[in-house]
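Here is the file entry_31.txt (compact mmCIF, C-alpha atoms).
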```txt
# COMPACT_ATOMS: atom_id res chain seq x y z
CA MET A 1 -52.62 2.33 -22.97
CA LYS A 2 -50.18 2.42 -25.88
CA ILE A 3 -46.90 4.19 -25.23
CA GLY A 4 -45.17 5.91 -28.15
CA ASP A 5 -41.50 5.71 -29.09
CA ASN A 6 -40.66 9.09 -27.55
CA ARG A 7 -42.08 8.10 -24.19
CA ALA A 8 -40.28 4.75 -24.33
CA LEU A 9 -37.05 6.64 -25.04
CA GLY A 10 -37.78 8.78 -22.01
CA TYR A 11 -38.11 5.65 -19.87
CA ALA A 12 -34.78 4.36 -21.13
CA ARG A 13 -33.07 7.65 -20.33
CA ALA A 14 -34.64 7.70 -16.88
CA ILE A 15 -33.34 4.23 -16.20
CA GLY A 16 -29.91 5.36 -17.35
CA ARG A 17 -30.02 8.19 -14.83
CA VAL A 18 -30.86 5.71 -12.11
CA ALA A 19 -27.92 3.52 -13.14
CA ALA A 20 -25.59 6.50 -12.86
CA ARG A 21 -26.61 7.43 -9.32
CA LYS A 22 -23.69 7.73 -6.90
CA SER A 23 -25.52 6.29 -3.91
CA ASP A 24 -24.19 2.79 -4.56
CA ARG A 25 -25.38 1.38 -1.27
CA GLU A 26 -29.01 2.52 -1.67
CA PRO A 27 -31.24 -0.31 -2.96
CA LEU A 28 -33.75 0.34 -5.69
CA ALA A 29 -37.11 -0.27 -4.01
CA ALA A 30 -40.06 -1.33 -6.18
CA ALA A 31 -42.43 0.95 -4.24
CA ASP A 32 -40.39 4.02 -5.23
CA SER A 33 -40.26 3.28 -8.97
CA ALA A 34 -42.82 5.86 -10.06
CA THR A 35 -41.12 8.56 -7.98
CA VAL A 36 -37.63 7.61 -9.03
CA LEU A 37 -38.37 7.53 -12.72
CA ASP A 38 -40.75 10.48 -12.59
CA ILE A 39 -43.44 8.63 -14.53
CA PRO A 40 -47.13 9.22 -13.79
CA GLU A 41 -48.74 6.22 -12.16
CA ALA A 42 -51.52 6.20 -14.77
CA GLU A 43 -49.02 5.56 -17.56
CA LEU A 44 -47.48 2.51 -15.91
CA THR A 45 -49.22 -0.46 -17.43
CA PRO A 46 -48.46 -3.83 -15.82
CA LYS A 47 -46.08 -4.79 -18.63
CA VAL A 48 -44.24 -1.45 -18.52
CA ARG A 49 -43.97 -1.62 -14.74
CA THR A 50 -42.62 -5.17 -14.91
CA ALA A 51 -40.08 -4.24 -17.59
CA ILE A 52 -38.88 -1.17 -15.72
CA MET A 53 -38.53 -2.99 -12.42
CA SER A 54 -36.69 -5.83 -14.13
CA LEU A 55 -34.21 -3.37 -15.64
CA MET A 56 -33.75 -1.57 -12.32
CA ALA A 57 -33.12 -4.85 -10.52
CA GLU A 58 -30.54 -5.75 -13.16
CA VAL A 59 -28.84 -2.37 -12.71
CA GLN A 60 -28.63 -2.96 -8.96
CA ARG A 61 -27.26 -6.48 -9.46
CA LEU A 62 -24.56 -5.21 -11.82
CA ARG A 63 -23.67 -2.40 -9.41
CA ASP A 64 -23.27 -4.92 -6.58
CA GLU A 65 -21.06 -7.14 -8.73
CA ILE A 66 -18.85 -4.18 -9.65
CA GLN A 67 -18.45 -3.22 -6.00
CA GLN A 68 -17.52 -6.78 -5.07
CA SER A 69 -14.99 -6.92 -7.90
CA GLN A 70 -13.46 -3.59 -6.86
CA ARG A 71 -13.08 -4.77 -3.26
CA ARG A 72 -11.51 -8.01 -4.46
CA ILE A 73 -9.07 -6.17 -6.72
CA ALA A 74 -8.06 -3.82 -3.89
CA TYR A 75 -7.50 -6.80 -1.60
CA LEU A 76 -5.38 -8.64 -4.18
CA GLU A 77 -3.33 -5.50 -4.89
CA GLN A 78 -2.64 -5.15 -1.17
CA LEU A 79 -1.55 -8.78 -0.94
CA ALA A 80 0.72 -8.34 -3.94
CA ASP A 81 2.49 -5.38 -2.27
CA GLU A 82 2.86 -6.78 1.26
CA ASP A 83 5.87 -8.72 2.43
CA THR A 84 5.00 -12.32 3.27
CA LEU A 85 6.59 -12.12 6.74
CA VAL A 86 6.74 -8.59 8.14
CA PRO A 87 4.23 -5.69 8.07
CA VAL A 88 5.93 -3.61 5.36
CA VAL A 89 5.92 -3.61 1.56
CA ASN A 90 7.92 -6.20 -0.37
CA ARG A 91 10.86 -5.51 -2.65
CA ARG A 92 8.73 -5.31 -5.81
CA ALA A 93 6.46 -2.63 -4.33
CA PHE A 94 9.45 -0.82 -2.80
CA VAL A 95 11.23 -0.59 -6.18
CA ARG A 96 8.02 0.64 -7.81
CA GLU A 97 7.60 3.40 -5.22
CA LEU A 98 11.29 4.28 -5.47
CA SER A 99 10.92 4.70 -9.24
CA ARG A 100 7.90 6.95 -8.67
CA VAL A 101 9.77 9.14 -6.17
CA MET A 102 12.74 9.32 -8.54
CA SER A 103 10.53 10.45 -11.43
CA TYR A 104 9.02 13.16 -9.23
CA GLY A 105 12.48 14.31 -8.14
CA ASN A 106 13.74 14.45 -11.72
CA ARG A 107 10.78 16.51 -12.81
CA TYR A 108 10.81 19.02 -9.96
CA ASN A 109 14.52 18.91 -9.06
CA VAL A 110 13.83 17.57 -5.57
CA SER A 111 16.41 15.58 -3.60
CA SER A 112 15.33 12.31 -2.01
CA SER A 113 17.25 9.48 -0.38
CA VAL A 114 17.24 5.77 0.34
CA LEU A 115 18.31 4.18 3.62
CA TYR A 116 19.53 0.59 3.56
CA PHE A 117 19.55 -1.45 6.79
CA ASP A 118 21.00 -4.86 7.59
CA VAL A 119 20.12 -6.57 10.89
CA ASN A 120 23.30 -7.80 12.57
CA GLY A 121 23.59 -11.15 14.31
CA MET A 122 20.58 -12.85 12.73
CA LYS A 123 22.47 -16.13 12.31
CA THR A 124 23.22 -16.20 16.03
CA ILE A 125 19.57 -15.60 16.90
CA ASN A 126 18.45 -18.36 14.52
CA ASP A 127 21.06 -20.80 15.81
CA LEU A 128 20.42 -20.17 19.51
CA HIS A 129 16.68 -19.59 19.57
CA GLY A 130 15.33 -21.02 16.32
CA HIS A 131 14.04 -19.50 13.10
CA ALA A 132 10.75 -18.51 14.72
CA ALA A 133 12.74 -16.16 16.96
CA GLY A 134 14.56 -14.83 13.91
CA ASP A 135 11.27 -14.13 12.13
CA ALA A 136 9.96 -12.36 15.24
CA ALA A 137 13.13 -10.25 15.38
CA LEU A 138 12.66 -9.15 11.77
CA THR A 139 9.04 -8.28 12.49
CA HIS A 140 10.18 -6.23 15.48
CA VAL A 141 12.65 -4.26 13.34
CA ALA A 142 10.02 -3.65 10.67
CA ARG A 143 7.59 -2.26 13.24
CA VAL A 144 10.18 0.03 14.82
CA LEU A 145 11.09 1.41 11.40
CA SER A 146 7.46 1.91 10.39
CA GLU A 147 6.59 3.68 13.63
CA SER A 148 9.61 5.99 13.42
CA VAL A 149 9.17 7.52 9.95
CA ARG A 150 6.79 10.00 8.37
CA GLU A 151 3.61 8.87 6.65
CA SER A 152 5.12 9.96 3.34
CA ASP A 153 8.16 7.69 3.85
CA ILE A 154 8.10 4.09 2.66
CA VAL A 155 9.53 1.11 4.53
CA GLY A 156 10.15 -2.16 2.73
CA ARG A 157 11.84 -5.49 3.22
CA LEU A 158 14.42 -5.91 0.49
CA GLY A 159 15.18 -9.56 1.26
CA GLY A 160 16.39 -11.71 4.14
CA ASP A 161 17.38 -9.42 7.00
CA GLU A 162 17.66 -6.27 4.87
CA PHE A 163 15.26 -3.32 4.94
CA GLY A 164 14.97 -0.10 2.99
CA VAL A 165 13.41 3.30 3.69
CA ILE A 166 12.58 5.88 1.03
CA LEU A 167 12.87 9.43 2.37
CA ALA A 168 11.18 11.90 0.04
CA HIS A 169 12.48 15.48 0.09
CA SER A 170 15.62 14.47 1.99
CA ASP A 171 19.22 15.37 1.13
CA GLN A 172 22.31 13.43 2.20
CA PRO A 173 22.87 15.12 5.61
CA ALA A 174 19.21 14.68 6.53
CA ALA A 175 19.28 11.05 5.35
CA LYS A 176 22.33 10.24 7.45
CA GLU A 177 20.81 11.91 10.49
CA LYS A 178 17.58 9.93 10.05
CA ALA A 179 19.47 6.66 9.58
CA GLN A 180 21.36 7.24 12.82
CA ALA A 181 18.10 8.05 14.64
CA LEU A 182 16.44 4.88 13.33
CA THR A 183 19.46 2.80 14.31
CA ALA A 184 19.28 4.21 17.82
CA SER A 185 15.53 3.51 18.00
CA ILE A 186 16.08 -0.14 17.09
CA GLU A 187 18.91 -0.54 19.61
CA ARG A 188 17.02 1.05 22.50
CA THR A 189 13.80 -0.89 21.85
CA PRO A 190 14.43 -4.36 23.29
CA PHE A 191 13.20 -7.40 21.45
CA GLU A 192 11.62 -10.02 23.69
CA TRP A 193 11.42 -13.71 22.90
CA LYS A 194 9.93 -16.15 25.39
CA GLY A 195 10.71 -13.91 28.33
CA GLN A 196 14.25 -13.15 27.20
CA ARG A 197 15.28 -9.65 26.14
CA MET A 198 17.67 -9.21 23.25
CA ARG A 199 19.25 -6.05 21.95
CA LEU A 200 19.12 -5.84 18.17
CA GLN A 201 21.66 -3.88 16.16
CA VAL A 202 21.72 -2.82 12.53
CA SER A 203 24.18 -1.47 10.01
CA PHE A 204 23.00 1.23 7.62
CA GLY A 205 23.90 2.89 4.37
CA THR A 206 22.45 6.04 2.81
CA TYR A 207 22.31 7.27 -0.76
CA THR A 208 20.81 10.47 -2.18
CA PHE A 209 19.87 10.01 -5.82
CA GLY A 210 19.87 12.44 -8.70
CA PRO A 211 18.60 12.68 -12.29
CA GLY A 212 19.33 9.89 -14.74
CA GLU A 213 19.75 7.06 -12.23
CA THR A 214 17.78 3.84 -12.06
CA ALA A 215 16.11 2.28 -9.03
CA ASP A 216 18.39 -0.75 -9.18
CA ALA A 217 21.50 1.45 -9.30
CA VAL A 218 20.27 3.50 -6.34
CA LEU A 219 19.63 0.40 -4.24
CA ASP A 220 23.01 -1.01 -5.18
CA ALA A 221 24.73 2.23 -4.09
CA ALA A 222 22.85 2.26 -0.78
CA ASP A 223 23.70 -1.43 -0.26
CA ARG A 224 27.40 -0.75 -0.83
CA ALA A 225 27.27 2.16 1.60
CA MET A 226 25.69 -0.14 4.18
CA TYR A 227 28.38 -2.77 3.66
CA ALA A 228 31.11 -0.15 4.07
CA HIS A 229 29.51 1.01 7.31
CA LYS A 230 29.32 -2.59 8.56
CA GLN A 231 32.98 -3.19 7.75
CA THR A 232 34.01 -0.02 9.52
CA ALA A 233 31.97 -0.95 12.60
CA ASN A 234 33.51 -4.43 12.66
CA GLY A 235 36.95 -2.91 12.34
CA ARG A 236 36.33 -0.73 15.35
CA ALA A 237 35.10 -3.76 17.26
```
Take the structure in this file and express it as structure tokens.
Amino acid sequence: MKIGDNRALGYARAIGRVAARKSDREPLAAADSATVLDIPEAELTPKVRTAIMSLMAEVQRLRDEIQQSQRRIAYLEQLADEDTLVPVVNRRAFVRELSRVMSYGNRYNVSSSVLYFDVNGMKTINDLHGHAAGDAALTHVARVLSESVRESDIVGRLGGDEFGVILAHSDQPAAKEKAQALTASIERTPFEWKGQRMRLQVSFGTYTFGPGETADAVLDAADRAMYAHKQTANGRA
């Protein structure tokens, strides 16, 4: 049976509708072709059937390749954001998220803050117990921080034994109160290494940022506040 141009165009459009289906995981079965494309069985000559099924198989193959590529991209993006040692974001991802929170605050006049932590005594831990113990101590601190903040807050490792926390919708008094609470959580959660318990301590700095500042300037201000706090604590000691 000869099929005219209009009917052929209808087949092409029907195939396009199949390609646009949202049920990505549903395979295109050959037995369902007449139902799927809404074409009477009598009009499906062997050549037309073969052509349609070939196109549908190609659509499915391309859909599968796109899904695999999307999963691969998501995995690579996650790797690019994760710190190589501890279960928090790395400095690059932290600065990116800080810039995003700053842009939001500038637009809606919302106060947000950064906490800057430095783990005290890491050299002693490394010297006495080895660098594996030091890495485990940093991982311990990262987990305590992550488990003690809101889902909207962001914890990152800024380098070495330094960590940062972005507190959205948080002014300076609230930031200082949260920093003190996190410090207490770290100190009262013992770190164990090969059967030995160690008490970890941190110094902190807080900074609430406003319009017109940059992420680097905000981190520098929080870092200086942390250093001042460390010096004061050492002076008291």
Please, which residues are within 10 Å of (9.7, -4.6, 3.9) by the file's coordinates, counting only C-alpha atoms, and could they come as a count of residues only? 33
Find the residues around segment 104-116 of chain A up to 9 Å (only C-alpha atoms counted), leave out those fewer than 5 positions away in its own chain, and share them as an MDAnalysis selection string. chainID A and resid 98:99 158 162:172 174:176 178:179 203:212 218:219 222:223 225:226
Need the axis-aligned box for segment 92-98 of chain A with 6 Å each side, so what are the centre and edges in Å to one decimal, as lines of an AutoDock Vina configuration file?
```
center_x = 8.9
center_y = -0.5
center_z = -5.3
size_x = 16.8
size_y = 21.6
size_z = 17.0
```
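With distances taken over all atoms listed in the file, A:Ala137 is the one residue among A:Val59, A:Val95, A:Ala137, A:Ala221 lying closest to Ile186 of chain A.
Taking only C-alpha atoms into account, those protein, DNA and RNA residues with any atom at most 12 Å away from (29.9, -1.1, 10.2) amount to A:Phe117, A:Asp118, A:Val119, A:Asn120, A:Thr183, A:Gln201, A:Val202, A:Ser203, A:Phe204, A:Gly205, A:Arg224, A:Ala225, A:Met226, A:Tyr227, A:Ala228, A:His229, A:Lys230, A:Gln231, A:Thr232, A:Ala233, A:Asn234, A:Gly235, A:Arg236, A:Ala237.
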Rounded to one decimal in Å, what is the spacing between atom CA of Gln196 of chain A and atom CA of Thr124 of chain A? 14.6 Å
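In this comparison, which uses only C-alpha atoms, the residue of A:Leu182, A:Ala217, A:Leu128, A:Ala133 approaching Ser148 of chain A most closely is A:Leu182.
Computed from the coordinates, the atom CA of Arg197 of chain A to atom CA of Ala181 of chain A distance equals 21.3 Å.
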Nearest-residue call for His140 of chain A, choices A:Gly121, A:Gly195, A:Pro190, A:Pro46, using only C-alpha atoms: A:Pro190
Between atom CA of Asp216 of chain A and atom CA of Met102 of chain A - distance in Å to one decimal: 11.6 Å
